[in-house]
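A.B. asks: What follows is a structure written as structure tokens; I'll ask about it next.
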Amino acid sequence: MQASLFHPSPYVDIQILPAIQKNILSAEVVWTYLVARKYMNDPQALVGKLCGTNEQLPVDSKIWLETYLFPTRIRKEEQNVWKIRSDMAIGHFELAKDRGNQIQSNGEWVCIAESKWFDDIHANSQFPEIYQLSQIIDHALLLHDKKGRFPEKVYVTLITPKYFKEKQGKFSDRLYWSKYNDYKFEPGKLENDLRLCPFPFLKHDIETMISRIKVLTIRWVTFEELLGLPNLIEDYVPGKYKATINSWKEVFFEMGEEELYNDLVK
């Protein structure tokens, strides 16, 4: 099986190429793009790594990049401070009618992936006690198809360098480490955070969302694992941390993607 990539039309020219040309190794969008390109010809393997189980893909499978998730709150509030964009998604999705590049579910399972390189999860601009991870989960739990049916399984997967997942250095603390472990092992803390947003719902209600926590699986995988690369971040003194690879060219070549690199920078 092969998968096509779906992303906003200027995505490669505006976000990917400049970061490669300027050798910005902290550009998480490029790392995510590399994951998608690596698994285009074997998307089922990507499913196994992101979901931790062999969920079956639809025939017309896509890897969705930088796409907004169908809204949970009424349009004004959603547009201003609540909308969420998925770094990468795979599973049963389709474009929502008359909503630009927003995606909704259309089948048995969905997986939403959030990538981080050096950045931490950010607080909501209007509600600083609400952080990005719970806002993503809020949207993921309420994704539904045209007839209002929910997927039976929802996966939300964090993707970071191993340095931050395994706390390999004294500068590796991240808020997402705490939130991930809270939500995964103490669902009551996730419920508390999901109840923080006071905006009116577009179509459902808070109890519907809370009831769907039982179908949620939260996972964390590393870029090293996904890309087949050695440890990518290490302590650096003076300073905090640094990438262990010096250039995007080195990354592409280490992955065996010389042709893709040459096509992008020609």
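Numbering starts fresh at 1 for the residues of each chain in the structure tokens, the chains themselves are lettered A, B, ... in the order given, and ligands are numbered from 1 as they appear.
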Quick one: residues within 8 Å of range 171-180 of chain A, only C-alpha atoms counted, chain neighbours fewer than 6 positions away excluded, as a list in words?
C.D. replies: Asp120, Ile121, Leu133, Tyr163, Phe164, Lys165, Ile218, Asp235, Lys240 and Tyr241 of chain A
A.B. asks: For the selection just defined, write its residues with all heavy atoms to a file, as a compact mmCIF listing (two decimals), in the first residue's frame.
C.D. replies:
# COMPACT_ATOMS: atom_id res chain seq x y z
N ASP A 120 8.27 23.62 23.77
CA ASP A 120 7.38 22.95 24.71
C ASP A 120 5.94 23.18 24.25
O ASP A 120 5.69 23.97 23.32
CB ASP A 120 7.58 23.51 26.12
CG ASP A 120 7.21 22.52 27.21
OD1 ASP A 120 6.45 21.58 26.93
OD2 ASP A 120 7.68 22.70 28.35
N ILE A 121 4.98 22.51 24.87
CA ILE A 121 3.58 22.82 24.58
C ILE A 121 3.29 24.22 25.11
O ILE A 121 3.78 24.63 26.15
CB ILE A 121 2.61 21.80 25.20
CG1 ILE A 121 2.92 21.56 26.69
CG2 ILE A 121 2.64 20.49 24.43
CD1 ILE A 121 1.90 20.67 27.40
N LEU A 133 -1.67 20.34 24.65
CA LEU A 133 -1.93 18.91 24.57
C LEU A 133 -3.41 18.59 24.84
O LEU A 133 -4.03 17.81 24.12
CB LEU A 133 -1.02 18.13 25.51
CG LEU A 133 -1.10 16.61 25.43
CD1 LEU A 133 -0.84 16.12 24.01
CD2 LEU A 133 -0.12 15.96 26.41
N TYR A 163 15.95 12.63 23.61
CA TYR A 163 16.55 13.41 24.71
C TYR A 163 15.49 13.89 25.69
O TYR A 163 15.70 13.89 26.91
CB TYR A 163 17.30 14.60 24.10
CG TYR A 163 17.95 15.55 25.07
CD1 TYR A 163 19.23 15.29 25.56
CD2 TYR A 163 17.32 16.73 25.46
CE1 TYR A 163 19.84 16.17 26.44
CE2 TYR A 163 17.93 17.61 26.34
CZ TYR A 163 19.18 17.33 26.82
OH TYR A 163 19.80 18.20 27.68
N PHE A 164 14.33 14.30 25.16
CA PHE A 164 13.28 14.84 26.02
C PHE A 164 12.37 13.74 26.57
O PHE A 164 11.89 13.84 27.70
CB PHE A 164 12.46 15.88 25.25
CG PHE A 164 13.28 17.04 24.79
CD1 PHE A 164 13.64 17.18 23.46
CD2 PHE A 164 13.74 17.99 25.69
CE1 PHE A 164 14.42 18.24 23.03
CE2 PHE A 164 14.53 19.06 25.28
CZ PHE A 164 14.87 19.18 23.94
N LYS A 165 12.14 12.70 25.81
CA LYS A 165 11.30 11.61 26.30
C LYS A 165 11.97 10.90 27.47
O LYS A 165 11.32 10.57 28.47
CB LYS A 165 11.01 10.61 25.18
CG LYS A 165 10.10 9.47 25.64
CD LYS A 165 9.87 8.44 24.55
CE LYS A 165 8.95 7.32 25.06
NZ LYS A 165 8.77 6.24 24.07
N ILE A 218 -3.05 7.39 24.41
CA ILE A 218 -2.02 8.42 24.30
C ILE A 218 -0.66 7.73 24.21
O ILE A 218 -0.34 6.85 25.01
CB ILE A 218 -2.05 9.36 25.53
CG1 ILE A 218 -3.45 9.93 25.75
CG2 ILE A 218 -1.05 10.50 25.35
CD1 ILE A 218 -3.59 10.73 27.02
N ASP A 235 23.47 17.10 25.44
CA ASP A 235 23.83 18.27 26.24
C ASP A 235 24.94 19.05 25.56
O ASP A 235 25.79 18.48 24.86
CB ASP A 235 24.33 17.82 27.62
CG ASP A 235 23.19 17.54 28.58
OD1 ASP A 235 22.06 17.98 28.30
OD2 ASP A 235 23.43 16.88 29.60
N LYS A 240 22.58 24.84 26.51
CA LYS A 240 21.62 23.86 27.01
C LYS A 240 21.77 22.52 26.30
O LYS A 240 22.14 21.53 26.88
CB LYS A 240 20.20 24.40 26.84
CG LYS A 240 19.88 25.59 27.72
CD LYS A 240 18.42 25.99 27.58
CE LYS A 240 18.06 27.12 28.54
NZ LYS A 240 16.62 27.48 28.44
N TYR A 241 21.48 22.52 25.02
CA TYR A 241 21.52 21.28 24.25
C TYR A 241 21.75 21.64 22.80
O TYR A 241 21.63 22.80 22.39
CB TYR A 241 20.21 20.50 24.40
CG TYR A 241 18.99 21.37 24.45
CD1 TYR A 241 18.53 22.02 23.31
CD2 TYR A 241 18.32 21.58 25.64
CE1 TYR A 241 17.43 22.84 23.36
CE2 TYR A 241 17.21 22.41 25.70
CZ TYR A 241 16.76 23.03 24.56
OH TYR A 241 15.68 23.86 24.61
A.B. asks: So that I can see what lies close to Leu158 in chain A, please list as a PDB file with N, CA, C and O atoms, in the first residue's frame the residues with an atom at most 7 Å from it, counting only C-alpha atoms and leaving out residues fewer than 5 positions away in the same chain.
C.D. replies:
ATOM      1  N   ALA A 113      -0.995  13.302  15.525  1.00  0.00           N
ATOM      2  CA  ALA A 113       0.371  13.384  16.061  1.00  0.00           C
ATOM      3  C   ALA A 113       0.782  14.838  16.242  1.00  0.00           C
ATOM      4  O   ALA A 113       0.546  15.675  15.367  1.00  0.00           O
ATOM      5  N   GLU A 114       1.397  15.121  17.365  1.00  0.00           N
ATOM      6  CA  GLU A 114       1.923  16.448  17.668  1.00  0.00           C
ATOM      7  C   GLU A 114       3.444  16.357  17.792  1.00  0.00           C
ATOM      8  O   GLU A 114       3.967  15.597  18.619  1.00  0.00           O
ATOM      9  N   SER A 115       4.146  17.112  16.952  1.00  0.00           N
ATOM     10  CA  SER A 115       5.607  17.082  16.940  1.00  0.00           C
ATOM     11  C   SER A 115       6.196  18.240  17.742  1.00  0.00           C
ATOM     12  O   SER A 115       5.693  19.372  17.660  1.00  0.00           O
ATOM     13  N   ARG A 219       0.126   8.145  23.220  1.00  0.00           N
ATOM     14  CA  ARG A 219       1.432   7.513  22.995  1.00  0.00           C
ATOM     15  C   ARG A 219       2.510   8.568  22.795  1.00  0.00           C
ATOM     16  O   ARG A 219       2.221   9.734  22.528  1.00  0.00           O
ATOM     17  N   TRP A 220       3.763   8.103  22.901  1.00  0.00           N
ATOM     18  CA  TRP A 220       4.921   8.976  22.702  1.00  0.00           C
ATOM     19  C   TRP A 220       5.974   8.167  21.961  1.00  0.00           C
ATOM     20  O   TRP A 220       6.417   7.113  22.438  1.00  0.00           O
ATOM     21  N   VAL A 221       6.355   8.617  20.789  1.00  0.00           N
ATOM     22  CA  VAL A 221       7.432   7.984  20.033  1.00  0.00           C
ATOM     23  C   VAL A 221       8.480   9.052  19.710  1.00  0.00           C
ATOM     24  O   VAL A 221       8.214  10.253  19.796  1.00  0.00           O
TER      25      VAL A 221
END
A.B. asks: Which residue gives the smallest distance to Ile233 in chain A among A:Met40, A:Leu17, A:Leu25, A:Val12, with only C-alpha atoms counted?
C.D. replies: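 Closest to Ile233 in chain A, using only C-alpha atoms: A:Leu25.
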A.B. asks: Taking the DSSP assignment computed from this structure's backbone, write out as a PDB file with N, CA, C and O atoms, in the first residue's frame all residues of range 31-262 of chain A that belong to strand (DSSP E).
C.D. replies:
ATOM      1  N   LYS A  62      -4.141   8.510   3.203  1.00  0.00           N
ATOM      2  CA  LYS A  62      -3.338   9.734   3.121  1.00  0.00           C
ATOM      3  C   LYS A  62      -2.607   9.949   4.436  1.00  0.00           C
ATOM      4  O   LYS A  62      -3.052   9.490   5.500  1.00  0.00           O
ATOM      5  N   ILE A  63      -1.478  10.626   4.335  1.00  0.00           N
ATOM      6  CA  ILE A  63      -0.805  11.168   5.513  1.00  0.00           C
ATOM      7  C   ILE A  63      -1.068  12.663   5.474  1.00  0.00           C
ATOM      8  O   ILE A  63      -0.658  13.352   4.534  1.00  0.00           O
ATOM      9  N   TRP A  64      -1.764  13.155   6.463  1.00  0.00           N
ATOM     10  CA  TRP A  64      -2.220  14.549   6.492  1.00  0.00           C
ATOM     11  C   TRP A  64      -1.218  15.392   7.272  1.00  0.00           C
ATOM     12  O   TRP A  64      -0.872  15.058   8.412  1.00  0.00           O
ATOM     13  N   LEU A  65      -0.755  16.478   6.684  1.00  0.00           N
ATOM     14  CA  LEU A  65       0.230  17.356   7.307  1.00  0.00           C
ATOM     15  C   LEU A  65      -0.327  18.773   7.439  1.00  0.00           C
ATOM     16  O   LEU A  65      -0.915  19.309   6.496  1.00  0.00           O
ATOM     17  N   GLU A  66      -0.119  19.370   8.619  1.00  0.00           N
ATOM     18  CA  GLU A  66      -0.497  20.769   8.851  1.00  0.00           C
ATOM     19  C   GLU A  66      -1.955  21.045   8.500  1.00  0.00           C
ATOM     20  O   GLU A  66      -2.275  22.051   7.859  1.00  0.00           O
ATOM     21  N   THR A  67      -2.851  20.162   8.910  1.00  0.00           N
ATOM     22  CA  THR A  67      -4.274  20.343   8.625  1.00  0.00           C
ATOM     23  C   THR A  67      -5.031  20.647   9.920  1.00  0.00           C
ATOM     24  O   THR A  67      -4.729  20.081  10.977  1.00  0.00           O
ATOM     25  N   TYR A  68      -6.006  21.541   9.825  1.00  0.00           N
ATOM     26  CA  TYR A  68      -6.813  21.889  10.992  1.00  0.00           C
ATOM     27  C   TYR A  68      -7.847  20.799  11.271  1.00  0.00           C
ATOM     28  O   TYR A  68      -8.414  20.213  10.347  1.00  0.00           O
ATOM     29  N   ARG A  85      -4.349  22.847  14.839  1.00  0.00           N
ATOM     30  CA  ARG A  85      -3.792  22.254  13.628  1.00  0.00           C
ATOM     31  C   ARG A  85      -2.986  21.015  14.003  1.00  0.00           C
ATOM     32  O   ARG A  85      -2.179  21.039  14.926  1.00  0.00           O
ATOM     33  N   SER A  86      -3.216  19.954  13.272  1.00  0.00           N
ATOM     34  CA  SER A  86      -2.488  18.707  13.503  1.00  0.00           C
ATOM     35  C   SER A  86      -1.181  18.727  12.719  1.00  0.00           C
ATOM     36  O   SER A  86      -1.172  19.012  11.525  1.00  0.00           O
ATOM     37  N   ASP A  87      -0.065  18.440  13.383  1.00  0.00           N
ATOM     38  CA  ASP A  87       1.201  18.355  12.664  1.00  0.00           C
ATOM     39  C   ASP A  87       1.169  17.212  11.658  1.00  0.00           C
ATOM     40  O   ASP A  87       1.630  17.352  10.526  1.00  0.00           O
ATOM     41  N   MET A  88       0.606  16.085  12.085  1.00  0.00           N
ATOM     42  CA  MET A  88       0.471  14.937  11.196  1.00  0.00           C
ATOM     43  C   MET A  88      -0.710  14.105  11.665  1.00  0.00           C
ATOM     44  O   MET A  88      -0.951  13.979  12.870  1.00  0.00           O
ATOM     45  N   ALA A  89      -1.455  13.549  10.728  1.00  0.00           N
ATOM     46  CA  ALA A  89      -2.581  12.684  11.074  1.00  0.00           C
ATOM     47  C   ALA A  89      -2.637  11.530  10.085  1.00  0.00           C
ATOM     48  O   ALA A  89      -2.256  11.660   8.920  1.00  0.00           O
ATOM     49  N   ILE A  90      -3.113  10.391  10.565  1.00  0.00           N
ATOM     50  CA  ILE A  90      -3.282   9.231   9.704  1.00  0.00           C
ATOM     51  C   ILE A  90      -4.457   8.417  10.243  1.00  0.00           C
ATOM     52  O   ILE A  90      -4.756   8.442  11.438  1.00  0.00           O
ATOM     53  N   GLY A  91      -5.146   7.743   9.347  1.00  0.00           N
ATOM     54  CA  GLY A  91      -6.308   6.964   9.748  1.00  0.00           C
ATOM     55  C   GLY A  91      -7.484   7.235   8.833  1.00  0.00           C
ATOM     56  O   GLY A  91      -7.312   7.465   7.632  1.00  0.00           O
ATOM     57  N   HIS A  92      -8.676   7.236   9.399  1.00  0.00           N
ATOM     58  CA  HIS A  92      -9.904   7.434   8.618  1.00  0.00           C
ATOM     59  C   HIS A  92     -10.307   8.908   8.680  1.00  0.00           C
ATOM     60  O   HIS A  92     -10.997   9.345   9.607  1.00  0.00           O
ATOM     61  N   PHE A  93      -9.888   9.652   7.671  1.00  0.00           N
ATOM     62  CA  PHE A  93     -10.159  11.085   7.593  1.00  0.00           C
ATOM     63  C   PHE A  93     -10.660  11.460   6.205  1.00  0.00           C
ATOM     64  O   PHE A  93     -10.407  10.764   5.223  1.00  0.00           O
ATOM     65  N   GLU A  94     -11.313  12.613   6.159  1.00  0.00           N
ATOM     66  CA  GLU A  94     -11.638  13.251   4.893  1.00  0.00           C
ATOM     67  C   GLU A  94     -11.746  14.745   5.135  1.00  0.00           C
ATOM     68  O   GLU A  94     -11.885  15.197   6.289  1.00  0.00           O
ATOM     69  N   LEU A  95     -11.664  15.518   4.064  1.00  0.00           N
ATOM     70  CA  LEU A  95     -11.851  16.957   4.193  1.00  0.00           C
ATOM     71  C   LEU A  95     -13.292  17.253   4.555  1.00  0.00           C
ATOM     72  O   LEU A  95     -14.222  16.659   4.007  1.00  0.00           O
ATOM     73  N   ILE A 103     -10.163  18.810   8.576  1.00  0.00           N
ATOM     74  CA  ILE A 103     -10.460  17.384   8.370  1.00  0.00           C
ATOM     75  C   ILE A 103     -11.389  16.873   9.463  1.00  0.00           C
ATOM     76  O   ILE A 103     -11.379  17.366  10.594  1.00  0.00           O
ATOM     77  N   GLN A 104     -12.205  15.883   9.081  1.00  0.00           N
ATOM     78  CA  GLN A 104     -13.063  15.205  10.029  1.00  0.00           C
ATOM     79  C   GLN A 104     -12.868  13.708   9.862  1.00  0.00           C
ATOM     80  O   GLN A 104     -12.261  13.256   8.897  1.00  0.00           O
ATOM     81  N   SER A 105     -13.364  12.946  10.809  1.00  0.00           N
ATOM     82  CA  SER A 105     -13.199  11.496  10.722  1.00  0.00           C
ATOM     83  C   SER A 105     -14.240  10.910   9.781  1.00  0.00           C
ATOM     84  O   SER A 105     -15.277  11.512   9.521  1.00  0.00           O
ATOM     85  N   ASN A 106     -13.953   9.710   9.278  1.00  0.00           N
ATOM     86  CA  ASN A 106     -14.931   9.028   8.424  1.00  0.00           C
ATOM     87  C   ASN A 106     -14.792   7.504   8.521  1.00  0.00           C
ATOM     88  O   ASN A 106     -14.976   6.795   7.553  1.00  0.00           O
ATOM     89  N   GLY A 107     -14.447   7.034   9.733  1.00  0.00           N
ATOM     90  CA  GLY A 107     -14.272   5.596   9.866  1.00  0.00           C
ATOM     91  C   GLY A 107     -13.965   5.167  11.288  1.00  0.00           C
ATOM     92  O   GLY A 107     -14.280   5.873  12.245  1.00  0.00           O
ATOM     93  N   GLU A 108     -13.288   4.040  11.411  1.00  0.00           N
ATOM     94  CA  GLU A 108     -13.167   3.342  12.687  1.00  0.00           C
ATOM     95  C   GLU A 108     -12.144   3.937  13.648  1.00  0.00           C
ATOM     96  O   GLU A 108     -12.287   3.817  14.860  1.00  0.00           O
ATOM     97  N   TRP A 109     -11.083   4.548  13.122  1.00  0.00           N
ATOM     98  CA  TRP A 109     -10.045   5.038  14.025  1.00  0.00           C
ATOM     99  C   TRP A 109      -9.307   6.214  13.410  1.00  0.00           C
ATOM    100  O   TRP A 109      -9.258   6.371  12.185  1.00  0.00           O
ATOM    101  N   VAL A 110      -8.740   7.045  14.275  1.00  0.00           N
ATOM    102  CA  VAL A 110      -7.950   8.203  13.836  1.00  0.00           C
ATOM    103  C   VAL A 110      -6.732   8.334  14.738  1.00  0.00           C
ATOM    104  O   VAL A 110      -6.759   7.933  15.903  1.00  0.00           O
ATOM    105  N   CYS A 111      -5.671   8.894  14.179  1.00  0.00           N
ATOM    106  CA  CYS A 111      -4.455   9.170  14.953  1.00  0.00           C
ATOM    107  C   CYS A 111      -3.997  10.590  14.656  1.00  0.00           C
ATOM    108  O   CYS A 111      -3.783  10.945  13.494  1.00  0.00           O
ATOM    109  N   ILE A 112      -3.856  11.379  15.697  1.00  0.00           N
ATOM    110  CA  ILE A 112      -3.361  12.752  15.600  1.00  0.00           C
ATOM    111  C   ILE A 112      -1.983  12.808  16.244  1.00  0.00           C
ATOM    112  O   ILE A 112      -1.816  12.390  17.403  1.00  0.00           O
ATOM    113  N   ALA A 113      -0.995  13.302  15.525  1.00  0.00           N
ATOM    114  CA  ALA A 113       0.371  13.384  16.061  1.00  0.00           C
ATOM    115  C   ALA A 113       0.782  14.838  16.242  1.00  0.00           C
ATOM    116  O   ALA A 113       0.546  15.675  15.367  1.00  0.00           O
ATOM    117  N   GLU A 114       1.397  15.121  17.365  1.00  0.00           N
ATOM    118  CA  GLU A 114       1.923  16.448  17.668  1.00  0.00           C
ATOM    119  C   GLU A 114       3.444  16.357  17.792  1.00  0.00           C
ATOM    120  O   GLU A 114       3.967  15.597  18.619  1.00  0.00           O
ATOM    121  N   SER A 115       4.146  17.112  16.952  1.00  0.00           N
ATOM    122  CA  SER A 115       5.607  17.082  16.940  1.00  0.00           C
ATOM    123  C   SER A 115       6.196  18.240  17.742  1.00  0.00           C
ATOM    124  O   SER A 115       5.693  19.372  17.660  1.00  0.00           O
ATOM    125  N   LYS A 153     -11.875   4.278  17.967  1.00  0.00           N
ATOM    126  CA  LYS A 153     -10.586   4.420  18.641  1.00  0.00           C
ATOM    127  C   LYS A 153      -9.942   5.739  18.234  1.00  0.00           C
ATOM    128  O   LYS A 153      -9.977   6.115  17.057  1.00  0.00           O
ATOM    129  N   VAL A 154      -9.349   6.414  19.206  1.00  0.00           N
ATOM    130  CA  VAL A 154      -8.669   7.686  18.976  1.00  0.00           C
ATOM    131  C   VAL A 154      -7.266   7.592  19.562  1.00  0.00           C
ATOM    132  O   VAL A 154      -7.102   7.260  20.745  1.00  0.00           O
ATOM    133  N   TYR A 155      -6.274   7.870  18.734  1.00  0.00           N
ATOM    134  CA  TYR A 155      -4.885   7.900  19.176  1.00  0.00           C
ATOM    135  C   TYR A 155      -4.360   9.329  19.106  1.00  0.00           C
ATOM    136  O   TYR A 155      -4.566  10.018  18.097  1.00  0.00           O
ATOM    137  N   VAL A 156      -3.703   9.768  20.158  1.00  0.00           N
ATOM    138  CA  VAL A 156      -2.984  11.051  20.151  1.00  0.00           C
ATOM    139  C   VAL A 156      -1.541  10.736  20.508  1.00  0.00           C
ATOM    140  O   VAL A 156      -1.267  10.186  21.587  1.00  0.00           O
ATOM    141  N   THR A 157      -0.638  11.054  19.595  1.00  0.00           N
ATOM    142  CA  THR A 157       0.759  10.627  19.740  1.00  0.00           C
ATOM    143  C   THR A 157       1.693  11.830  19.727  1.00  0.00           C
ATOM    144  O   THR A 157       1.642  12.662  18.828  1.00  0.00           O
ATOM    145  N   LEU A 158       2.535  11.907  20.730  1.00  0.00           N
ATOM    146  CA  LEU A 158       3.567  12.933  20.832  1.00  0.00           C
ATOM    147  C   LEU A 158       4.825  12.421  20.142  1.00  0.00           C
ATOM    148  O   LEU A 158       5.211  11.258  20.332  1.00  0.00           O
ATOM    149  N   ILE A 159       5.458  13.278  19.328  1.00  0.00           N
ATOM    150  CA  ILE A 159       6.714  12.916  18.661  1.00  0.00           C
ATOM    151  C   ILE A 159       7.779  13.936  19.057  1.00  0.00           C
ATOM    152  O   ILE A 159       7.615  15.140  18.800  1.00  0.00           O
ATOM    153  N   THR A 160       8.863  13.480  19.668  1.00  0.00           N
ATOM    154  CA  THR A 160       9.947  14.374  20.094  1.00  0.00           C
ATOM    155  C   THR A 160      11.281  13.639  19.937  1.00  0.00           C
ATOM    156  O   THR A 160      11.315  12.425  19.745  1.00  0.00           O
ATOM    157  N   LEU A 216      -9.637   6.659  24.086  1.00  0.00           N
ATOM    158  CA  LEU A 216      -8.387   7.374  23.782  1.00  0.00           C
ATOM    159  C   LEU A 216      -7.161   6.568  24.197  1.00  0.00           C
ATOM    160  O   LEU A 216      -7.096   6.017  25.288  1.00  0.00           O
ATOM    161  N   THR A 217      -6.182   6.509  23.296  1.00  0.00           N
ATOM    162  CA  THR A 217      -4.854   5.980  23.614  1.00  0.00           C
ATOM    163  C   THR A 217      -3.832   7.084  23.386  1.00  0.00           C
ATOM    164  O   THR A 217      -3.787   7.672  22.301  1.00  0.00           O
ATOM    165  N   ILE A 218      -3.050   7.385  24.407  1.00  0.00           N
ATOM    166  CA  ILE A 218      -2.019   8.420  24.304  1.00  0.00           C
ATOM    167  C   ILE A 218      -0.663   7.730  24.208  1.00  0.00           C
ATOM    168  O   ILE A 218      -0.345   6.849  25.013  1.00  0.00           O
ATOM    169  N   ARG A 219       0.126   8.145  23.220  1.00  0.00           N
ATOM    170  CA  ARG A 219       1.432   7.513  22.995  1.00  0.00           C
ATOM    171  C   ARG A 219       2.510   8.568  22.795  1.00  0.00           C
ATOM    172  O   ARG A 219       2.221   9.734  22.528  1.00  0.00           O
ATOM    173  N   TRP A 220       3.763   8.103  22.901  1.00  0.00           N
ATOM    174  CA  TRP A 220       4.921   8.976  22.702  1.00  0.00           C
ATOM    175  C   TRP A 220       5.974   8.167  21.961  1.00  0.00           C
ATOM    176  O   TRP A 220       6.417   7.113  22.438  1.00  0.00           O
ATOM    177  N   VAL A 221       6.355   8.617  20.789  1.00  0.00           N
ATOM    178  CA  VAL A 221       7.432   7.984  20.033  1.00  0.00           C
ATOM    179  C   VAL A 221       8.480   9.052  19.710  1.00  0.00           C
ATOM    180  O   VAL A 221       8.214  10.253  19.796  1.00  0.00           O
ATOM    181  N   THR A 222       9.663   8.608  19.329  1.00  0.00           N
ATOM    182  CA  THR A 222      10.757   9.548  19.080  1.00  0.00           C
ATOM    183  C   THR A 222      11.075   9.652  17.590  1.00  0.00           C
ATOM    184  O   THR A 222      10.818   8.731  16.820  1.00  0.00           O
ATOM    185  N   ILE A 233      19.854  14.610  19.879  1.00  0.00           N
ATOM    186  CA  ILE A 233      20.074  15.767  20.750  1.00  0.00           C
ATOM    187  C   ILE A 233      20.989  15.347  21.885  1.00  0.00           C
ATOM    188  O   ILE A 233      20.884  14.240  22.424  1.00  0.00           O
ATOM    189  N   GLU A 234      21.879  16.255  22.287  1.00  0.00           N
ATOM    190  CA  GLU A 234      22.769  15.978  23.410  1.00  0.00           C
ATOM    191  C   GLU A 234      23.002  17.254  24.197  1.00  0.00           C
ATOM    192  O   GLU A 234      22.740  18.361  23.715  1.00  0.00           O
ATOM    193  N   ASP A 235      23.474  17.105  25.436  1.00  0.00           N
ATOM    194  CA  ASP A 235      23.832  18.268  26.243  1.00  0.00           C
ATOM    195  C   ASP A 235      24.940  19.047  25.558  1.00  0.00           C
ATOM    196  O   ASP A 235      25.788  18.482  24.858  1.00  0.00           O
ATOM    197  N   TYR A 241      21.482  22.520  25.017  1.00  0.00           N
ATOM    198  CA  TYR A 241      21.519  21.276  24.253  1.00  0.00           C
ATOM    199  C   TYR A 241      21.750  21.642  22.796  1.00  0.00           C
ATOM    200  O   TYR A 241      21.627  22.800  22.390  1.00  0.00           O
ATOM    201  N   LYS A 242      22.072  20.655  21.991  1.00  0.00           N
ATOM    202  CA  LYS A 242      22.304  20.905  20.574  1.00  0.00           C
ATOM    203  C   LYS A 242      22.003  19.636  19.794  1.00  0.00           C
ATOM    204  O   LYS A 242      21.957  18.533  20.349  1.00  0.00           O
ATOM    205  N   ALA A 243      21.800  19.814  18.508  1.00  0.00           N
ATOM    206  CA  ALA A 243      21.629  18.659  17.633  1.00  0.00           C
ATOM    207  C   ALA A 243      22.971  17.979  17.431  1.00  0.00           C
ATOM    208  O   ALA A 243      24.031  18.627  17.401  1.00  0.00           O
TER     209      ALA A 243
END
A.B. asks: By how many Å are CA of Asn41 in chain A and CA of Ser4 in chain A apart?
C.D. replies: 8.8 Å
A.B. asks: Closest to Ala36 in chain A among A:Lys116, A:Leu69, A:Leu264, A:Phe223, using only C-alpha atoms?
C.D. replies: A:Phe223
A.B. asks: Measuring atom to atom with only C-alpha atoms, identify which of A:Pro10, A:Asp42, A:Trp117, A:Glu258 is nearest to Glu28 in chain A.
C.D. replies: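 Checking each of A:Pro10, A:Asp42, A:Trp117, A:Glu258 against Glu28 in chain A, counting only C-alpha atoms, the winner is A:Trp117.
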A.B. asks: Taking into account only C-alpha atoms, which residue in the set A:Glu224, A:Glu129, A:Glu250, A:Asp182 is nearest to Lys162 in chain A?
C.D. replies: A:Glu224
A.B. asks: Please provide as number ranges by chain all residues within 12 Å of Cys197 in chain A, with the sequence filter that same-chain residues fewer than 4 positions apart are discarded (counting only C-alpha atoms).
C.D. replies: A: 72-73, 77-78, 81-82, 124, 126-131, 134-135, 138, 191-193, 201, 205-206
